[in-house]
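query-v6.pdb follows (PDB, C-alpha atoms (C1' of nucleotides)):
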```pdb
ATOM      1  CA  MET Q   1      57.152 165.788-116.765
ATOM      2  CA  GLN Q   2      58.359 165.928-113.170
ATOM      3  CA  ILE Q   3      55.992 166.514-110.312
ATOM      4  CA  PRO Q   4      57.474 166.985-106.854
ATOM      5  CA  ASN Q   5      56.478 164.737-104.031
ATOM      6  CA  SER Q   6      53.373 166.626-103.019
ATOM      7  CA  PRO Q   7      50.796 166.389-100.229
ATOM      8  CA  ALA Q   8      48.418 168.188-102.543
ATOM      9  CA  TYR Q   9      48.035 164.893-104.344
ATOM     10  CA  HIS Q  10      48.515 162.643-101.314
ATOM     11  CA  ASP Q  11      45.975 163.954 -98.850
ATOM     12  CA  PRO Q  12      42.790 163.882-100.951
ATOM     13  CA  ILE Q  13      43.540 160.424-102.339
ATOM     14  CA  LEU Q  14      44.495 158.985 -98.950
ATOM     15  CA  ALA Q  15      41.338 160.435 -97.424
ATOM     16  CA  TRP Q  16      39.245 159.100-100.278
ATOM     17  CA  TYR Q  17      40.731 155.643 -99.748
ATOM     18  CA  GLU Q  18      39.952 155.670 -96.037
ATOM     19  CA  ALA Q  19      36.316 156.353 -96.850
ATOM     20  CA  ASN Q  20      35.856 154.235 -99.965
ATOM     21  CA  ALA Q  21      38.214 151.270 -99.937
ATOM     22  CA  ARG Q  22      36.669 147.887-100.538
ATOM     23  CA  ASP Q  23      36.753 145.491 -97.638
ATOM     24  CA  LEU Q  24      38.930 142.811 -99.213
ATOM     25  CA  PRO Q  25      40.256 139.915 -97.104
ATOM     26  CA  TRP Q  26      43.863 140.297 -98.206
ATOM     27  CA  ARG Q  27      43.715 143.847 -96.834
ATOM     28  CA  ALA Q  28      42.428 142.764 -93.433
ATOM     29  CA  PRO Q  29      44.669 143.365 -90.413
ATOM     30  CA  ASP Q  30      45.142 139.632 -89.954
ATOM     31  CA  ALA Q  31      46.138 139.002 -93.562
ATOM     32  CA  THR Q  32      49.564 137.384 -93.787
ATOM     33  CA  PRO Q  33      52.306 138.167 -96.318
ATOM     34  CA  TRP Q  34      51.554 134.786 -97.855
ATOM     35  CA  GLY Q  35      47.908 135.744 -98.219
ATOM     36  CA  VAL Q  36      48.925 139.007 -99.864
ATOM     37  CA  LEU Q  37      51.295 137.213-102.232
ATOM     38  CA  VAL Q  38      48.634 134.686-103.242
ATOM     39  CA  SER Q  39      46.154 137.481-103.868
ATOM     40  CA  GLU Q  40      48.585 139.413-106.040
ATOM     41  CA  ILE Q  41      49.294 136.425-108.264
ATOM     42  CA  MET Q  42      45.609 135.579-108.574
ATOM     43  CA  LEU Q  43      44.703 139.173-109.369
ATOM     44  CA  GLN Q  44      47.062 139.357-112.343
ATOM     45  CA  GLN Q  45      44.735 139.962-115.276
ATOM     46  CA  THR Q  46      41.825 138.598-113.249
ATOM     47  CA  PRO Q  47      38.912 140.532-111.666
ATOM     48  CA  VAL Q  48      38.516 140.674-107.875
ATOM     49  CA  ALA Q  49      35.084 139.058-107.912
ATOM     50  CA  ARG Q  50      36.433 135.906-109.480
ATOM     51  CA  VAL Q  51      39.483 135.752-107.227
ATOM     52  CA  LEU Q  52      37.661 136.051-103.896
ATOM     53  CA  PRO Q  53      36.250 132.510-103.508
ATOM     54  CA  VAL Q  54      39.382 130.819-104.824
ATOM     55  CA  TRP Q  55      41.642 132.873-102.576
ATOM     56  CA  ARG Q  56      39.602 131.840 -99.534
ATOM     57  CA  GLU Q  57      39.849 128.172-100.487
ATOM     58  CA  TRP Q  58      43.586 128.405-101.014
ATOM     59  CA  LEU Q  59      44.315 130.164 -97.758
ATOM     60  CA  GLU Q  60      42.186 127.722 -95.815
ATOM     61  CA  ARG Q  61      43.836 124.739 -97.440
ATOM     62  CA  TRP Q  62      47.358 126.154 -97.629
ATOM     63  CA  PRO Q  63      47.688 128.753 -94.843
ATOM     64  CA  GLU Q  64      51.420 128.991 -95.345
ATOM     65  CA  PRO Q  65      53.918 128.367 -98.147
ATOM     66  CA  ALA Q  66      55.136 125.070 -96.688
ATOM     67  CA  ALA Q  67      51.658 123.586 -96.879
ATOM     68  CA  LEU Q  68      51.396 124.272-100.585
ATOM     69  CA  ALA Q  69      54.975 123.200-101.259
ATOM     70  CA  ALA Q  70      54.234 119.843 -99.633
ATOM     71  CA  GLU Q  71      51.604 119.001-102.251
ATOM     72  CA  PRO Q  72      52.041 118.030-105.891
ATOM     73  CA  SER Q  73      51.984 120.986-108.261
ATOM     74  CA  GLY Q  74      48.966 119.429-109.955
ATOM     75  CA  GLU Q  75      46.915 120.131-106.852
ATOM     76  CA  ALA Q  76      47.679 123.819-107.252
ATOM     77  CA  VAL Q  77      46.602 123.659-110.889
ATOM     78  CA  ARG Q  78      43.396 121.863-109.946
ATOM     79  CA  ALA Q  79      42.572 124.288-107.153
ATOM     80  CA  TRP Q  80      43.241 127.173-109.512
ATOM     81  CA  GLY Q  81      39.915 126.366-111.108
ATOM     82  CA  ARG Q  82      38.836 128.727-113.847
ATOM     83  CA  LEU Q  83      40.920 131.754-112.881
ATOM     84  CA  GLY Q  84      42.791 131.519-116.175
ATOM     85  CA  TYR Q  85      46.492 131.572-117.031
ATOM     86  CA  PRO Q  86      47.115 128.355-115.050
ATOM     87  CA  ARG Q  87      50.865 128.704-115.341
ATOM     88  CA  ARG Q  88      50.385 131.153-112.498
ATOM     89  CA  ALA Q  89      49.351 128.236-110.276
ATOM     90  CA  LEU Q  90      52.459 126.333-111.242
ATOM     91  CA  ARG Q  91      54.677 129.301-110.519
ATOM     92  CA  LEU Q  92      52.963 129.995-107.210
ATOM     93  CA  HIS Q  93      53.646 126.391-106.231
ATOM     94  CA  ALA Q  94      57.280 126.813-107.291
ATOM     95  CA  SER Q  95      57.457 130.076-105.347
ATOM     96  CA  ALA Q  96      56.167 128.321-102.245
ATOM     97  CA  ALA Q  97      58.914 125.715-102.608
ATOM     98  CA  ALA Q  98      61.538 128.408-103.095
ATOM     99  CA  ILE Q  99      60.265 130.286-100.052
ATOM    100  CA  VAL Q 100      60.649 127.134 -97.965
ATOM    101  CA  GLU Q 101      64.102 126.392 -99.344
ATOM    102  CA  ARG Q 102      65.593 129.854 -99.479
ATOM    103  CA  HIS Q 103      63.703 131.796 -96.826
ATOM    104  CA  GLY Q 104      62.835 129.295 -94.107
ATOM    105  CA  GLY Q 105      59.187 129.229 -95.118
ATOM    106  CA  GLU Q 106      58.645 132.959 -94.608
ATOM    107  CA  VAL Q 107      57.696 135.216 -97.501
ATOM    108  CA  PRO Q 108      60.689 137.536 -97.997
ATOM    109  CA  SER Q 109      60.176 141.254 -97.463
ATOM    110  CA  SER Q 110      62.778 142.651 -99.830
ATOM    111  CA  HIS Q 111      61.937 143.644-103.375
ATOM    112  CA  ASP Q 112      64.967 141.807-104.742
ATOM    113  CA  ASP Q 113      64.175 138.541-102.973
ATOM    114  CA  LEU Q 114      60.570 138.718-104.124
ATOM    115  CA  LEU Q 115      61.598 139.504-107.684
ATOM    116  CA  ALA Q 116      63.738 136.361-107.747
ATOM    117  CA  LEU Q 117      60.690 134.151-107.164
ATOM    118  CA  PRO Q 118      59.007 132.543-110.195
ATOM    119  CA  GLY Q 119      55.975 134.393-111.506
ATOM    120  CA  ILE Q 120      56.844 137.564-109.617
ATOM    121  CA  GLY Q 121      57.810 140.529-111.753
ATOM    122  CA  ALA Q 122      58.394 144.180-111.007
ATOM    123  CA  TYR Q 123      54.764 144.948-110.205
ATOM    124  CA  THR Q 124      54.111 142.002-107.889
ATOM    125  CA  ALA Q 125      57.411 142.398-106.036
ATOM    126  CA  ALA Q 126      56.595 146.048-105.376
ATOM    127  CA  ALA Q 127      53.025 145.221-104.390
ATOM    128  CA  VAL Q 128      53.969 142.537-101.863
ATOM    129  CA  ALA Q 129      56.826 144.599-100.430
ATOM    130  CA  SER Q 130      54.383 147.489-100.053
ATOM    131  CA  PHE Q 131      51.126 145.874 -98.977
ATOM    132  CA  ALA Q 132      52.503 143.052 -96.845
ATOM    133  CA  PHE Q 133      55.539 144.800 -95.395
ATOM    134  CA  ARG Q 134      54.696 148.506 -95.610
ATOM    135  CA  GLY Q 135      57.725 149.247 -97.747
ATOM    136  CA  ARG Q 136      58.231 152.208-100.041
ATOM    137  CA  HIS Q 137      58.132 151.107-103.684
ATOM    138  CA  ALA Q 138      56.649 152.451-106.884
ATOM    139  CA  VAL Q 139      53.671 150.172-107.568
ATOM    140  CA  LEU Q 140      52.907 150.548-111.232
ATOM    141  CA  ASP Q 141      49.997 148.438-112.344
ATOM    142  CA  THR Q 142      47.410 149.123-115.017
ATOM    143  CA  ASN Q 143      45.274 151.151-112.593
ATOM    144  CA  VAL Q 144      48.087 153.374-111.386
ATOM    145  CA  ARG Q 145      49.387 153.877-114.902
ATOM    146  CA  ARG Q 146      45.962 155.039-116.049
ATOM    147  CA  VAL Q 147      45.451 157.376-113.082
ATOM    148  CA  LEU Q 148      48.845 159.012-113.569
ATOM    149  CA  ALA Q 149      48.341 159.278-117.313
ATOM    150  CA  ARG Q 150      45.183 161.272-116.729
ATOM    151  CA  LEU Q 151      46.014 163.166-113.565
ATOM    152  CA  VAL Q 152      49.480 164.296-114.641
ATOM    153  CA  SER Q 153      49.955 163.711-118.358
ATOM    154  CA  ALA Q 154      46.503 164.690-119.627
ATOM    155  CA  GLU Q 155      46.234 161.459-121.602
ATOM    156  CA  GLU Q 156      43.184 159.219-121.508
ATOM    157  CA  TYR Q 157      45.346 156.086-121.497
ATOM    158  CA  PRO Q 158      48.972 155.340-120.686
ATOM    159  CA  PRO Q 159      51.403 154.173-123.386
ATOM    160  CA  ARG Q 160      51.105 150.628-124.659
ATOM    161  CA  SER Q 161      54.204 149.484-122.807
ATOM    162  CA  GLN Q 162      55.562 150.898-119.585
ATOM    163  CA  THR Q 163      58.150 153.662-120.000
ATOM    164  CA  ARG Q 164      61.000 154.899-117.865
ATOM    165  CA  ALA Q 165      59.181 158.214-117.597
ATOM    166  CA  GLU Q 166      56.223 156.480-115.958
ATOM    167  CA  VAL Q 167      58.484 154.791-113.439
ATOM    168  CA  ARG Q 168      60.207 158.073-112.628
ATOM    169  CA  LEU Q 169      56.877 159.810-112.262
ATOM    170  CA  ALA Q 170      55.514 157.140-109.931
ATOM    171  CA  GLU Q 171      58.678 157.270-107.830
ATOM    172  CA  SER Q 172      58.585 161.055-107.642
ATOM    173  CA  LEU Q 173      55.024 160.966-106.316
ATOM    174  CA  LEU Q 174      55.751 158.426-103.578
ATOM    175  CA  PRO Q 175      55.355 159.814-100.038
ATOM    176  CA  LEU Q 176      58.645 159.784 -98.133
ATOM    177  CA  ASP Q 177      57.401 157.833 -95.143
ATOM    178  CA  PRO Q 178      57.341 154.129 -96.130
ATOM    179  CA  PRO Q 179      54.043 153.130 -94.468
ATOM    180  CA  THR Q 180      52.388 156.184 -95.971
ATOM    181  CA  ALA Q 181      53.869 155.324 -99.358
ATOM    182  CA  ALA Q 182      52.390 151.821 -99.103
ATOM    183  CA  ARG Q 183      49.017 153.329 -98.231
ATOM    184  CA  TRP Q 184      49.293 155.780-101.105
ATOM    185  CA  SER Q 185      50.067 153.022-103.569
ATOM    186  CA  VAL Q 186      47.040 150.940-102.689
ATOM    187  CA  ALA Q 187      44.915 154.097-102.618
ATOM    188  CA  VAL Q 188      45.873 155.083-106.165
ATOM    189  CA  MET Q 189      45.222 151.544-107.356
ATOM    190  CA  GLU Q 190      41.815 151.590-105.726
ATOM    191  CA  LEU Q 191      41.036 154.969-107.249
ATOM    192  CA  GLY Q 192      41.827 153.534-110.659
ATOM    193  CA  ALA Q 193      39.747 150.457-110.026
ATOM    194  CA  LEU Q 194      36.649 152.248-108.721
ATOM    195  CA  VAL Q 195      36.630 155.810-110.108
ATOM    196  CA  CYS Q 196      39.290 156.432-112.725
ATOM    197  CA  THR Q 197      38.241 153.395-114.728
ATOM    198  CA  ALA Q 198      39.219 152.578-118.283
ATOM    199  CA  ARG Q 199      35.748 153.106-119.668
ATOM    200  CA  SER Q 200      33.281 155.650-118.315
ATOM    201  CA  PRO Q 201      35.383 157.105-115.501
ATOM    202  CA  ARG Q 202      33.305 158.501-112.638
ATOM    203  CA  CYS Q 203      34.992 161.862-112.525
ATOM    204  CA  VAL Q 204      32.256 163.389-110.371
ATOM    205  CA  ASP Q 205      33.440 161.134-107.547
ATOM    206  CA  CYS Q 206      37.126 161.878-108.015
ATOM    207  CA  PRO Q 207      38.946 163.442-105.032
ATOM    208  CA  VAL Q 208      41.533 165.084-107.296
ATOM    209  CA  LEU Q 209      39.285 166.187-110.140
ATOM    210  CA  ALA Q 210      40.322 169.808-109.649
ATOM    211  CA  ARG Q 211      43.957 168.860-110.183
ATOM    212  CA  CYS Q 212      43.398 166.485-113.090
ATOM    213  CA  ALA Q 213      45.356 167.483-116.196
ATOM    214  CA  TRP Q 214      43.174 165.362-118.464
ATOM    215  CA  GLN Q 215      40.049 167.029-117.076
ATOM    216  CA  ARG Q 216      41.505 170.515-117.504
ATOM    217  CA  ALA Q 217      42.425 169.654-121.068
ATOM    218  CA  GLY Q 218      38.788 168.826-121.779
ATOM    219  CA  ARG Q 219      39.180 165.056-121.495
ATOM    220  CA  PRO Q 220      40.570 164.560-125.017
ATOM    221  CA  ALA Q 221      40.049 161.105-126.488
ATOM    222  CA  TYR Q 222      42.972 158.717-126.781
ATOM    223  CA  ASP Q 223      44.776 159.344-130.039
ATOM    224  CA  GLY Q 224      47.712 156.972-129.814
ATOM    225  CA  PRO Q 225      48.249 153.731-131.731
ATOM    226  CA  PRO Q 226      45.375 151.235-131.524
ATOM    227  CA  ARG Q 227      45.512 149.154-128.380
ATOM    228  CA  LYS Q 228      45.820 145.434-128.819
ATOM    229  CA  GLY Q 229      42.644 143.431-128.808
ATOM    230  CA  GLN Q 230      43.125 139.809-127.952
ATOM    231  CA  THR Q 231      41.286 137.247-129.981
ATOM    232  CA  TYR Q 232      40.470 133.998-128.281
ATOM    233  CA  ALA Q 233      38.006 131.820-130.149
ATOM    234  CA  GLY Q 234      39.819 129.192-132.162
ATOM    235  CA  THR Q 235      43.231 129.909-130.682
ATOM    236  CA  ASP Q 236      45.710 127.547-129.083
ATOM    237  CA  ARG Q 237      44.882 129.209-125.812
ATOM    238  CA  GLN Q 238      41.269 128.165-126.027
ATOM    239  CA  CYS Q 239      42.325 124.669-127.002
ATOM    240  CA  ARG Q 240      44.731 124.442-124.065
ATOM    241  CA  GLY Q 241      41.980 125.640-121.773
ATOM    242  CA  ARG Q 242      39.643 122.893-122.948
ATOM    243  CA  ILE Q 243      42.230 120.182-122.446
ATOM    244  CA  LEU Q 244      43.211 121.351-118.991
ATOM    245  CA  GLU Q 245      39.573 121.627-117.983
ATOM    246  CA  VAL Q 246      39.154 117.903-118.624
ATOM    247  CA  LEU Q 247      42.145 117.117-116.435
ATOM    248  CA  ARG Q 248      41.005 119.438-113.644
ATOM    249  CA  ASN Q 249      37.600 117.826-113.525
ATOM    250  CA  ALA Q 250      38.868 114.254-113.694
ATOM    251  CA  GLU Q 251      39.490 112.237-110.528
ATOM    252  CA  GLY Q 252      42.725 110.800-111.874
ATOM    253  CA  PRO Q 253      44.603 110.186-115.125
ATOM    254  CA  VAL Q 254      42.600 110.198-118.357
ATOM    255  CA  ARG Q 255      43.054 108.413-121.664
ATOM    256  CA  LYS Q 256      43.861 110.265-124.846
ATOM    257  CA  PRO Q 257      40.385 109.957-126.415
ATOM    258  CA  GLU Q 258      38.906 111.858-123.489
ATOM    259  CA  LEU Q 259      41.155 114.783-124.359
ATOM    260  CA  ASP Q 260      40.643 114.486-128.090
ATOM    261  CA  VAL Q 261      36.901 115.044-127.920
ATOM    262  CA  VAL Q 262      37.285 118.638-126.748
ATOM    263  CA  TRP Q 263      38.906 119.880-129.979
ATOM    264  CA  SER Q 264      38.173 118.678-133.477
ATOM    265  CA  GLU Q 265      41.218 120.005-135.299
ATOM    266  CA  PRO Q 266      43.942 117.381-134.689
ATOM    267  CA  VAL Q 267      47.054 119.344-135.610
ATOM    268  CA  GLN Q 268      46.199 122.210-133.307
ATOM    269  CA  ARG Q 269      45.061 119.823-130.592
ATOM    270  CA  GLU Q 270      48.364 117.931-130.601
ATOM    271  CA  ARG Q 271      50.334 121.144-130.644
ATOM    272  CA  ALA Q 272      48.393 122.441-127.655
ATOM    273  CA  LEU Q 273      48.834 119.218-125.716
ATOM    274  CA  ASP Q 274      52.556 119.173-126.410
ATOM    275  CA  ALA Q 275      52.817 122.762-125.261
ATOM    276  CA  LEU Q 276      50.946 121.989-122.042
ATOM    277  CA  ILE Q 277      53.359 119.128-121.391
ATOM    278  CA  ALA Q 278      56.344 121.346-122.149
ATOM    279  CA  ASP Q 279      54.952 123.937-119.738
ATOM    280  CA  GLY Q 280      54.665 121.327-116.995
ATOM    281  CA  LEU Q 281      50.895 121.680-116.791
ATOM    282  CA  VAL Q 282      50.229 118.146-118.062
ATOM    283  CA  ASP Q 283      52.078 114.969-117.198
ATOM    284  CA  PRO Q 284      52.197 112.193-119.841
ATOM    285  CA  LEU Q 285      52.179 108.899-117.963
ATOM    286  CA  ASP Q 286      54.112 105.787-118.972
ATOM    287  CA  ASP Q 287      50.875 103.916-119.619
ATOM    288  CA  GLY Q 288      49.805 106.471-122.238
ATOM    289  CA  ARG Q 289      47.366 108.318-120.058
ATOM    290  CA  TYR Q 290      47.587 111.987-119.054
ATOM    291  CA  ALA Q 291      47.345 113.658-115.666
ATOM    292  CA  LEU Q 292      47.916 116.891-113.833
ATOM    293  CA  PRO Q 293      51.569 117.080-112.759
ATOM    294  CA  GLY Q 294      52.707 115.216-109.672
TER     295      GLY Q 294
ATOM    296  C1'  DG H   1      59.823 144.368-127.701
ATOM    297  C1'  DA H   2      56.093 141.938-129.696
ATOM    298  C1'  DG H   3      53.411 137.960-128.787
ATOM    299  C1'  DA H   4      51.741 134.124-126.005
ATOM    300  C1'  DC H   5      49.212 133.004-122.248
ATOM    301  C1'  DG H   6      42.616 131.762-119.843
ATOM    302  C1'  DT H   7      38.341 133.194-118.625
ATOM    303  C1'  DG H   8      34.147 135.681-118.157
ATOM    304  C1'  DG H   9      31.484 139.952-117.649
ATOM    305  C1'  DC H  10      30.013 144.229-119.500
ATOM    306  C1'  DC H  11      28.187 147.813-122.676
TER     307       DC H  11
ATOM    308  C1'  DT L   1      26.954 140.709-131.067
ATOM    309  C1'  DG L   2      31.649 141.159-130.122
ATOM    310  C1'  DG L   3      35.442 143.949-128.891
ATOM    311  C1'  DC L   4      37.333 145.627-124.703
ATOM    312  C1'  DC L   5      38.947 144.966-120.286
ATOM    313  C1'  DA L   6      40.662 142.755-115.694
ATOM    314  C1'  DA L   7      46.221 144.112-109.338
ATOM    315  C1'  DG L   8      51.270 140.884-115.431
ATOM    316  C1'  DT L   9      55.059 137.689-116.480
ATOM    317  C1'  DC L  10      57.931 135.379-119.436
ATOM    318  C1'  DT L  11      60.410 134.446-123.677
TER     319       DT L  11
END
```
What does the file become when written as structure tokens?
Amino acid sequence: MQIPNSPAYHDPILAWYEANARDLPWRAPDATPWGVLVSEIMLQQTPVARVLPVWREWLERWPEPAALAAEPSGEAVRAWGRLGYPRRALRLHASAAAIVERHGGEVPSSHDDLLALPGIGAYTAAAVASFAFRGRHAVLDTNVRRVLARLVSAEEYPPRSQTRAEVRLAESLLPLDPPTAARWSVAVMELGALVCTARSPRCVDCPVLARCAWQRAGRPAYDGPPRKGQTYAGTDRQCRGRILEVLRNAEGPVRKPELDVVWSEPVQRERALDALIADGLVDPLDDGRYALPG
DNA sequence: GAGACGTGGCC
DNA sequence: TGGCCAAGTCT
């Protein structure tokens, strides 16, 4: 389905955003591209409320990429705290180093240069290029995908994995003027986060309710294939989390028994520890102890 | 392209 | 209670 670039969609959503946007620090006028980049990595699969305090600590401690790059990667992992998916901290540290080496310490503004950084995929490259540099890029995150699925495709949820059709649709809806496109992108994301939510959407507050295809169709329930539910208890992921938590909370290197106590099943425990080492999240010392990477 | 990868809050 | 969900990326 092709929808022309249309102010009929743009104006109500942009106006809604002006009136309803959350006052988030990475959206402040004095937010730097580095601050935006850090926020985008932290916000991957992680709610805003949990990101806020950690983001403030990071930006105070490492106000620019060079400051982070100058520290051991383990410090990034430790400061990551309980945000989850700690490989993100490692990749952010590696990105900071790459920014210093390849871009003179300045976060690059081009989508291609951003995409080349570790931990930055299509979404994050588009988000940073848009929100930090006011560029014109299709920003297709889970919020935008859901809004477009409903507003245009009359589906309660978007497909399981992103399709070319979704990308084309998002691009076709992008305002022509780059700064306006950047504003539009963040506005649609915010609409998805606050109104057009996954469960119990607040349609009465929607600025484009009258144009919503899903609404006009009678809000039919999702009838596609079951969406993946992630188990956690008893998994390697939980085991890895326990091990890393010990290391984060320790002052320095710890002995093996201190790690062993967090998981009773030895085969899984060893597998998880080996995987953490392979991922670069844990450093096995010569003296047999374990530490966050140096 | 399916599966791995953390953590916690909500209904 | 427990499944679902949260600004994804990588292999």
Quick one: which chain L residues come within 7 Å of chain Q, and what is the nearest atom pair for each with the distance in Å to one decimal, counting only C-alpha atoms (C1' of nucleotides), rows ordered by chain and ascending number, as a tab-separated table?
```
residue	atom	partner	partner_atom	distance
L:DA6	C1'	Q:Pro47	CA	4.9
L:DA7	C1'	Q:Leu43	CA	5.2
L:DG8	C1'	Q:Gln44	CA	5.4
L:DT9	C1'	Q:Gly119	CA	6.0
```
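CA of Pro178 (chain Q) to CA of Pro65 (chain Q) spans 26.1 Å [interatomic distance, one decimal].
Every protein, DNA or RNA residue with an atom at most 12 Å from DC10 (chain H), where all atoms listed in the file count and chain neighbours fewer than 2 positions away do not, is listed here: Arg199 and Ser200 of chain Q; DG8 of chain H; DG2, DG3, DC4, DC5 and DA6 of chain L.
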How would the residues just picked look written out with C-alpha atoms (C1' of nucleotides) as a short mmCIF file (atom, residue, chain, number, x, y, z; two decimals), in the coordinates of the input?
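Now in again_39.cif:
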```cif
data_model
loop_
_atom_site.label_atom_id
_atom_site.label_comp_id
_atom_site.auth_asym_id
_atom_site.auth_seq_id
_atom_site.Cartn_x
_atom_site.Cartn_y
_atom_site.Cartn_z
CA ARG Q 199 35.75 153.11 -119.67
CA SER Q 200 33.28 155.65 -118.32
"C1'" DG H 8 34.15 135.68 -118.16
"C1'" DG L 2 31.65 141.16 -130.12
"C1'" DG L 3 35.44 143.95 -128.89
"C1'" DC L 4 37.33 145.63 -124.70
"C1'" DC L 5 38.95 144.97 -120.29
"C1'" DA L 6 40.66 142.76 -115.69
#
```
Exercise for the section: Return the neighbours of chain Q among the residues of chain H, cut-off 7 Å, counting only C-alpha atoms (C1' of nucleotides), as a ChimeraX atom specification. Expected result: /H:5-7
Exercise for the section: Could you give me, as a PyMOL selection string, the residues within 7 Å of Ala89 (chain Q), counting all atoms listed in the file and dropping anything in the same chain fewer than 2 positions from it? Expected result: chain Q and resi 76-77+80+86-87+91-93
Exercise for the section: Grab the CA of Ala129 (chain Q) to CA of Val107 (chain Q) distance for me, in Å with one decimal place. Expected result: 9.9 Å
Practice task
To verify the selection step, state as a ChimeraX atom specification which residues the PyMOL selection byres ((chain H and resi 1) around 12) yields on this input.
Solution key: /Q:160-162 /H:2-3 /L:11
For the residues in the current selection, export C-alpha atoms (C1' of nucleotides) as a PDB file, keeping the file's coordinate frame.
```
ATOM      1  CA  ARG Q 160      51.105 150.628-124.659  1.00  0.00           C
ATOM      2  CA  SER Q 161      54.204 149.484-122.807  1.00  0.00           C
ATOM      3  CA  GLN Q 162      55.562 150.898-119.585  1.00  0.00           C
TER       4      GLN Q 162
ATOM      5  C1'  DA H   2      56.093 141.938-129.696  1.00  0.00           C
ATOM      6  C1'  DG H   3      53.411 137.960-128.787  1.00  0.00           C
TER       7       DG H   3
ATOM      8  C1'  DT L  11      60.410 134.446-123.677  1.00  0.00           C
TER       9       DT L  11
END
```
Problem - Matched chain/residue IDs from the PyMOL selection byres ((chain Q and resi 2-18) around 6), as a PyMOL selection string - result: chain Q and resi 1+19-21+172-173+187+207
To test the calculation: enclose all listed atoms of region 53-67 of chain Q in a box whose edges run along x, y and z, add 5 Å on each side, then state centre and edge lengths in Å to one decimal, as JSON.
```
{"center_x": 45.7, "center_y": 128.2, "center_z": -99.8, "size_x": 28.9, "size_y": 19.3, "size_z": 20.0}
```
